[in-house]
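Input: a single structure, listed below in structure tokens.
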Amino acid sequence: MTPIELTKENFESVVLQSELPVLVDFWAPWCGYCRRIAPVLDQLAKQYDGKLVVGKVNIDEQPELEERFGVEIIPTLFLFRNGETGEPIVNPGSKAQIEAWAGL
Amino acid sequence: MKIYDVLVIGGGPGGNTAALYAARSGLSVAVLEKLSAGGQMATTSVIDNYPGFPDGVDGFELGQQMEQQAQKYGAETIYGEVTEADLLAEPKVIRSSEGDFAGRTVVLATGAYPRELGLPGEQDLRGRGVAYCATCDGMMFRDKTVVVNGGGNTAVEDALYLSRLCAKVYLVHRRDQLRASAVYRRALDEQGVEILWNSRVTALKREKRLTAVELEDVKTGEKRELPCDGIFVAIGRVPDTGLFTGQLELDSAGYIVADESCRTSVPGVFAVGDVRTKAVRQVITAAADGANAAHFAEEYLLNQL
């Protein structure tokens with residue numbers, strides 16, 4: 001699967017009610033580091049298809065979600081399990097670092 | 001364990017050019033990249049000094065295209081983080097998060113990362129006011145007051161970039177003149193960047209985020225606080241050679257010693273791009289290294305037969 005574009009309208013159903021863990025990336029088109037991890041998120045969505053959902057929140061278009069999760073820096077990644085989230089990871093430096101943090 | 005003729009560590013312009021040239025010579029090639037193609041240039045929105053692109057080229061796109069071009073001729077890309085390198089073994093062994101790989105030759109293209117200030121609280125304030133890449137994080141400081149620390153081309157480019165976004169930009173430099181190209185000086189004045197000479201940053205003041213920096217006048221020792229929302233650190237780069245220490249010759253700053261042939265002190269191991277000892281660290285000189293390294297790797301392999 002490819003990453004799902006998340007909005008304040010679909011966040012509840014796609015993320016909070018998901019049976020699978022959901023990796024949520026807060027990003028913006030002007031953010032260089034966000035672009036660098038974008039190919040990694042595509043790979044994760046494909047590699048862990050059926051085990052993990054990958055979603056992306058464009059903070060320019062979804063300021064409510066940015067505010068709700070207190071995102072001050074991008075890229076920030078959250079992992080949701082059963083509607084709950086733990087410590088986010090900020091600007092991960094490698095695919096391996098994301099996998100280790102998410103327990104993949 | 002799969003053995004490649006050429007195993008490249010790092011997917012920036014140096015690494016992917018080495019892969020392109022080696023693959024086109026009919027050698028088996030893999031590039032190990034921990035994140036995505038392009039290396040440092042991938043966070044640069046416009047590269048204006050890579051020939052052939054009079055209107056500039058997006059660094060991220062250029063990285064992707066270099067990777068695709070290498071792949072087109074048979075180079076593999078493995079998205080793994082290298083954890084250990086045995087460059088003295090025969091063949092050379094690279095361990096990574098995606099498994100172990102062997103190379104008859106290895107091209108080290110690990111690049112460099114921004115030098116930190118080394119001040120207390122710096123790690124924790126990263127993203128809360130402390131930043132290292134103006135084009136990456138500048139937008140977070142729209143209409144704010146920022147400090148750029150450094151006196152080289154990167155610092156001046158950062159200051160100019162930020163001056164178009166921010167309410168106020170200070171350039172803090174420990175000397176009384178800039179190392180940056182003369183062409184930038186006038187631009188700084190025109191953009192209203194205020195230069196604070198003979199000053200160094202000695203502390204980061206904070207609440208939840210950065211609120212000010214403490215500056216010391218290097219001549220008088222006098223200290224003062226400068227309120228700001230952010231500081232962009234541009235005081236140079238550090239070569240990413242930690243994994244190779246003790247295996248091949250490094251200079252005192254940690255760069256891998258190699259001339260234009262890119263041959264290191266270990267036969268069959270080559271260094272390209274920013275990680276190599278050289279005078280000019282640019283996308284095009286990294287790419288040039290890649291071509292040279294592939295040539296001398298091929299020569300090395302022929303002599304091994």
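Order determines the names: the first chain of the structure tokens is A, the second B, and so forth; residues in each chain are numbered 1 upward, and ligands are numbered 1 upward as they are shown.
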
Practice task
Please return, as a PyMOL selection string, all residues of chain B lying within 7 Å of chain A when only C-alpha atoms are considered.
Solution key: chain B and resi 34-36+42-44+80-81+97+127+136-137

Exercise for the section: Determine, counting only C-alpha atoms, which protein, DNA and RNA residues have an atom within 7 Å of an atom of Ser45 in chain B; residues of the same chain fewer than 5 positions away are not included. Present the result as a PyMOL selection string. Expected result: chain B and resi 58-59+135

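Coordinates place CA of Val54 in chain A at a distance of 26.9 Å from CA of Met66 in chain B.
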
Exercise for the section: Find the residues around Thr7 in chain A up to 9 Å (only C-alpha atoms counted), leave out those fewer than 6 positions away in its own chain, and share them as a ChimeraX atom specification. Expected result: /A:56-58,61-62,65

Handout entry: Backbone DSSP call of strand (DSSP E or B) for chain A, listed as a PyMOL selection string
Key = chain A and resi 4-5+22-27+53-58+76-81+84-85+89-90

Let me see the file: selected residues, N, CA and C atoms, as an mmCIF file, in the first residue's frame.
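Below is the file that was written, result_24.cif:
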```cif
data_model
loop_
_atom_site.group_PDB
_atom_site.id
_atom_site.type_symbol
_atom_site.label_atom_id
_atom_site.label_comp_id
_atom_site.auth_asym_id
_atom_site.auth_seq_id
_atom_site.Cartn_x
_atom_site.Cartn_y
_atom_site.Cartn_z
ATOM 1 N N ILE A 4 -1.355 6.934 3.219
ATOM 2 C CA ILE A 4 -2.680 7.546 3.106
ATOM 3 C C ILE A 4 -2.607 9.001 3.538
ATOM 4 N N GLU A 5 -3.225 9.865 2.784
ATOM 5 C CA GLU A 5 -3.272 11.280 3.154
ATOM 6 C C GLU A 5 -4.318 11.466 4.252
ATOM 7 N N VAL A 22 -0.680 2.305 13.229
ATOM 8 C CA VAL A 22 -0.612 3.325 12.182
ATOM 9 C C VAL A 22 0.572 4.261 12.447
ATOM 10 N N LEU A 23 1.435 4.356 11.468
ATOM 11 C CA LEU A 23 2.565 5.290 11.525
ATOM 12 C C LEU A 23 2.107 6.592 10.874
ATOM 13 N N VAL A 24 2.136 7.700 11.648
ATOM 14 C CA VAL A 24 1.664 8.979 11.122
ATOM 15 C C VAL A 24 2.825 9.967 11.028
ATOM 16 N N ASP A 25 3.033 10.472 9.838
ATOM 17 C CA ASP A 25 4.127 11.408 9.571
ATOM 18 C C ASP A 25 3.558 12.815 9.407
ATOM 19 N N PHE A 26 3.959 13.739 10.273
ATOM 20 C CA PHE A 26 3.599 15.152 10.115
ATOM 21 C C PHE A 26 4.678 15.811 9.273
ATOM 22 N N TRP A 27 4.261 16.424 8.168
ATOM 23 C CA TRP A 27 5.248 16.941 7.206
ATOM 24 C C TRP A 27 4.691 18.185 6.523
ATOM 25 N N VAL A 53 -0.165 0.445 8.851
ATOM 26 C CA VAL A 53 -0.718 1.465 7.952
ATOM 27 C C VAL A 53 0.178 2.696 8.069
ATOM 28 N N VAL A 54 0.499 3.316 6.955
ATOM 29 C CA VAL A 54 1.291 4.537 6.984
ATOM 30 C C VAL A 54 0.421 5.700 6.510
ATOM 31 N N GLY A 55 0.387 6.774 7.314
ATOM 32 C CA GLY A 55 -0.414 7.943 6.964
ATOM 33 C C GLY A 55 0.423 9.211 7.059
ATOM 34 N N LYS A 56 0.014 10.230 6.310
ATOM 35 C CA LYS A 56 0.760 11.486 6.302
ATOM 36 C C LYS A 56 -0.162 12.678 6.534
ATOM 37 N N VAL A 57 0.272 13.573 7.402
ATOM 38 C CA VAL A 57 -0.485 14.796 7.686
ATOM 39 C C VAL A 57 0.316 15.989 7.166
ATOM 40 N N ASN A 58 -0.229 16.666 6.177
ATOM 41 C CA ASN A 58 0.391 17.897 5.676
ATOM 42 C C ASN A 58 -0.024 19.041 6.612
ATOM 43 N N THR A 76 7.842 14.937 12.255
ATOM 44 C CA THR A 76 7.604 14.209 13.499
ATOM 45 C C THR A 76 6.729 13.004 13.172
ATOM 46 N N LEU A 77 7.126 11.853 13.686
ATOM 47 C CA LEU A 77 6.384 10.619 13.433
ATOM 48 C C LEU A 77 5.763 10.109 14.732
ATOM 49 N N PHE A 78 4.472 9.729 14.659
ATOM 50 C CA PHE A 78 3.794 9.095 15.783
ATOM 51 C C PHE A 78 3.414 7.675 15.381
ATOM 52 N N LEU A 79 3.372 6.781 16.362
ATOM 53 C CA LEU A 79 2.864 5.439 16.109
ATOM 54 C C LEU A 79 1.617 5.233 16.966
ATOM 55 N N PHE A 80 0.497 4.984 16.321
ATOM 56 C CA PHE A 80 -0.761 4.768 17.030
ATOM 57 C C PHE A 80 -1.082 3.272 17.078
ATOM 58 N N ARG A 81 -1.365 2.777 18.300
ATOM 59 C CA ARG A 81 -1.863 1.414 18.453
ATOM 60 C C ARG A 81 -3.165 1.502 19.235
ATOM 61 N N GLU A 84 -4.082 4.843 20.593
ATOM 62 C CA GLU A 84 -3.192 5.522 21.531
ATOM 63 C C GLU A 84 -1.800 5.670 20.934
ATOM 64 N N THR A 85 -1.123 6.732 21.391
ATOM 65 C CA THR A 85 0.221 6.952 20.867
ATOM 66 C C THR A 85 1.220 7.195 21.989
ATOM 67 N N ILE A 89 8.900 10.287 17.286
ATOM 68 C CA ILE A 89 10.309 10.398 16.889
ATOM 69 C C ILE A 89 10.414 11.600 15.949
ATOM 70 N N VAL A 90 11.452 12.420 16.174
ATOM 71 C CA VAL A 90 11.623 13.639 15.389
ATOM 72 C C VAL A 90 12.797 13.481 14.431
#
```

Handout entry: Residue contacts of Thr2 in chain A (8 Å, only C-alpha atoms) excluding same-chain residues fewer than 5 positions away, as an NGL selection string
Key = :A and (42 or 45-46 or 54)

Handout entry: helix (DSSP H, G or I) per DSSP on the backbone: members of chain A, as a PyMOL selection string
Key = chain A and resi 11-16+32-47+63-68+95-102

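Among the candidate residues B:Gly192, B:Gly15, B:Gly138, B:Pro227, the one lying nearest to Val107 in chain B is B:Gly15, with distances computed using only C-alpha atoms.
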
Problem - Counting only C-alpha atoms, the residue of A:Val71, A:Ala102, A:Glu66, A:Leu52 that sits nearest Glu19 in chain A - result: A:Leu52

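Between CA of Thr241 in chain B and CA of Met41 in chain B lies a distance of 18.7 Å.
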